Amino acid sequence: MTLDLGRFHEISLSTGDLSASLRFYEMLGFARGSVGDAWPHPYAVVTLGGLTLGLHEYRFPSPSFTSVHADIPATLEHFKEAGAVIAFAKTGPDCFNEFGVRDPAGHMITLLERATHADDAFDPARTSATLGKFLAFSLPSAAPEISAGFWQALGARPVDGRAGWPAHWLDAGGLCIALHEESLLERPALLFHREDAAAGTRLESPEGTLLVLVG
């Protein structure tokens with residue numbers, strides 16, 4: 001049975017102060033996009049290069065790699081049959097269909113029935129004067145090779161990474177992810193590269209997202 005992540009939609013982030021999170025990312029050069037009415041809670045989207053962040057003023061396991069898939073009920077059954085650990089599921093004719101699974105390191109992956117924002121602000125060439133170019137969403141794992149095998153079973157493809165950040169680099173539904181050893185960094189991070197910046201520079205957003213500049 002072939003499993004499929006679908007198309008990358010956003011890195012979903014839980015924030016206790018949507019306004020503060022928005023100010024932080026816009027100050028760094030992210031562009032704000034238009035959102036739909038799928039969620040009842042306050043919600044905004046910002047983009048930079050190939051990265052889209054969904055800022056949710058709502059409590060949930062965060063961050064979550066979030067994608068869009070055409071048939072959520074059928075896909076959910078396929079994931080169950082394959083033995084995936086289902087973290088939550090909401091399906092039916094009268095609700096917004098979605099479900100979540102966890103990778104071997106416990107990181108959340110959420111699949112949605114449709115997009116919750118437009119791509120009007122998306123520009124893959126956009127960079128930040130402060131951060132530089134977006135490289136990857138990096139996830140810690142005690143066994144990166146096992147985590148990489150799991151993501152590849154969902155359709156992620158190996159890609160070339162950067163020597164300055166040892167990890168398994170993959171294209172997951174259109175987003176570059178990196179699976180690194182926990183000893184390198186114990187937290188998920190958004191990786192960027194700027195030519196004139198010192199490698200290892202770190203910033204932290206109001207909701208606690210870590211942004212790291214690498215060589």
# chains A, B, ... in the order shown; residues from 1 in each chain; ligands from 1
>>> residues_around(residues="A:Ser205", least_positions_apart="5", cutoff="10 Å", atoms="only C-alpha atoms", output="PDB file with N, CA and C atoms, in the first residue's frame")
ATOM      1  N   THR A  15      -0.222  29.746  18.989  1.00  0.00           N
ATOM      2  CA  THR A  15       0.251  30.966  19.652  1.00  0.00           C
ATOM      3  C   THR A  15      -0.794  31.475  20.633  1.00  0.00           C
ATOM      4  N   ALA A  20       1.183  39.421  18.481  1.00  0.00           N
ATOM      5  CA  ALA A  20       2.618  39.443  18.768  1.00  0.00           C
ATOM      6  C   ALA A  20       3.383  38.558  17.784  1.00  0.00           C
ATOM      7  N   SER A  21       2.840  37.382  17.482  1.00  0.00           N
ATOM      8  CA  SER A  21       3.496  36.495  16.527  1.00  0.00           C
ATOM      9  C   SER A  21       3.539  37.123  15.142  1.00  0.00           C
ATOM     10  N   LEU A  22       2.442  37.735  14.717  1.00  0.00           N
ATOM     11  CA  LEU A  22       2.403  38.397  13.420  1.00  0.00           C
ATOM     12  C   LEU A  22       3.439  39.515  13.338  1.00  0.00           C
ATOM     13  N   ARG A  23       3.525  40.336  14.366  1.00  0.00           N
ATOM     14  CA  ARG A  23       4.502  41.436  14.366  1.00  0.00           C
ATOM     15  C   ARG A  23       5.917  40.901  14.216  1.00  0.00           C
ATOM     16  N   PHE A  24       6.222  39.825  14.921  1.00  0.00           N
ATOM     17  CA  PHE A  24       7.562  39.237  14.885  1.00  0.00           C
ATOM     18  C   PHE A  24       7.918  38.801  13.463  1.00  0.00           C
ATOM     19  N   TYR A  25       7.057  38.019  12.831  1.00  0.00           N
ATOM     20  CA  TYR A  25       7.385  37.493  11.511  1.00  0.00           C
ATOM     21  C   TYR A  25       7.386  38.585  10.443  1.00  0.00           C
ATOM     22  N   LEU A 210      11.749  28.278  17.081  1.00  0.00           N
ATOM     23  CA  LEU A 210      13.171  28.561  16.991  1.00  0.00           C
ATOM     24  C   LEU A 210      13.567  28.757  15.527  1.00  0.00           C
ATOM     25  N   LEU A 211      14.297  29.856  15.240  1.00  0.00           N
ATOM     26  CA  LEU A 211      14.811  30.132  13.909  1.00  0.00           C
ATOM     27  C   LEU A 211      16.335  30.131  14.006  1.00  0.00           C
TER      28      LEU A 211
END
>>> select_by_dssp(residues="stretch 62-154 of chain A", states="strand (DSSP E or B)", output="PyMOL selection string")
chain A and resi 64-68+86-90+98-102+108-112+117+128+132-141
>>> write_last_selection(atoms="C-alpha atoms", output="mmCIF file, in the first residue's frame")
data_model
loop_
_atom_site.group_PDB
_atom_site.id
_atom_site.type_symbol
_atom_site.label_atom_id
_atom_site.label_comp_id
_atom_site.auth_asym_id
_atom_site.auth_seq_id
_atom_site.Cartn_x
_atom_site.Cartn_y
_atom_site.Cartn_z
ATOM 1 C CA SER A 64 2.658 20.514 13.010
ATOM 2 C CA PHE A 65 3.614 19.754 9.419
ATOM 3 C CA THR A 66 0.265 20.322 7.695
ATOM 4 C CA SER A 67 -0.716 19.220 4.214
ATOM 5 C CA VAL A 68 -3.823 19.046 2.028
ATOM 6 C CA ILE A 86 -3.335 8.217 14.617
ATOM 7 C CA ALA A 87 -3.172 11.173 16.998
ATOM 8 C CA PHE A 88 -6.654 12.511 16.203
ATOM 9 C CA ALA A 89 -9.309 12.265 13.501
ATOM 10 C CA LYS A 90 -12.309 14.407 12.571
ATOM 11 C CA GLU A 98 -8.754 16.284 9.053
ATOM 12 C CA PHE A 99 -6.555 13.816 10.897
ATOM 13 C CA GLY A 100 -3.126 13.736 12.474
ATOM 14 C CA VAL A 101 -0.357 11.166 12.794
ATOM 15 C CA ARG A 102 2.979 11.246 14.580
ATOM 16 C CA MET A 108 2.822 15.869 14.397
ATOM 17 C CA ILE A 109 1.720 15.573 10.778
ATOM 18 C CA THR A 110 -1.773 16.880 9.972
ATOM 19 C CA LEU A 111 -3.729 16.225 6.776
ATOM 20 C CA LEU A 112 -6.611 18.556 5.815
ATOM 21 C CA HIS A 117 -5.568 30.062 3.162
ATOM 22 C CA SER A 128 14.717 38.202 4.433
ATOM 23 C CA GLY A 132 18.419 35.307 4.388
ATOM 24 C CA LYS A 133 17.052 32.315 2.467
ATOM 25 C CA PHE A 134 14.785 29.662 3.967
ATOM 26 C CA LEU A 135 16.422 26.225 3.864
ATOM 27 C CA ALA A 136 14.332 23.673 5.759
ATOM 28 C CA PHE A 137 12.065 22.777 8.647
ATOM 29 C CA SER A 138 14.338 20.683 10.853
ATOM 30 C CA LEU A 139 13.070 18.042 13.279
ATOM 31 C CA PRO A 140 15.072 16.312 16.029
ATOM 32 C CA SER A 141 15.109 12.532 16.289
#
>>> residues_around(residues="A:Asp123", least_positions_apart="2", cutoff="8 Å", atoms="only C-alpha atoms", output="JSON, numbers by chain")
{"A": [47, 48, 49, 50, 121, 125, 126]}
>>> write_last_selection(atoms="C-alpha atoms", output="PDB file, in the first residue's frame")
ATOM      1  CA  THR A  47       5.207  33.244   4.044  1.00  0.00           C
ATOM      2  CA  LEU A  48       8.887  33.551   3.192  1.00  0.00           C
ATOM      3  CA  GLY A  49      10.436  31.759   0.243  1.00  0.00           C
ATOM      4  CA  GLY A  50       9.133  28.189   0.175  1.00  0.00           C
ATOM      5  CA  ALA A 121       1.422  36.204  -0.794  1.00  0.00           C
ATOM      6  CA  ALA A 125      12.099  33.824  -4.392  1.00  0.00           C
ATOM      7  CA  ARG A 126      11.385  36.017  -1.358  1.00  0.00           C
TER       8      ARG A 126
END
>>> closest_residue(among="A:Ala129, A:Ala84, A:Leu13, A:Ala199", to="A:Leu154", atoms="only C-alpha atoms")
A:Ala84
>>> closest_residue(among="A:Arg114, A:Arg187, A:His41, A:Arg157", to="A:Asp171", atoms="only C-alpha atoms")
A:Arg157
>>> atom_distance(atom1="atom CA of A:Lys80", atom2="atom CA of A:Gly155")
16.5 Å
>>> closest_residue(among="A:Phe150, A:Phe192, A:Phe122, A:Trp39", to="A:Gly164", atoms="only C-alpha atoms")
A:Phe192
>>> residues_around(residues="A:Thr52", least_positions_apart="6", cutoff="7 Å", atoms="only C-alpha atoms", output="list in words")
Glu10, Ile11, Val45 and Val46 of chain A
>>> select_by_dssp(residues="stretch 105-174 of chain A", states="alpha helix (DSSP H)", output="list in words")
Pro144, Glu145, Ile146, Ser147, Ala148, Gly149, Phe150, Trp151, Gln152 and Ala153 of chain A
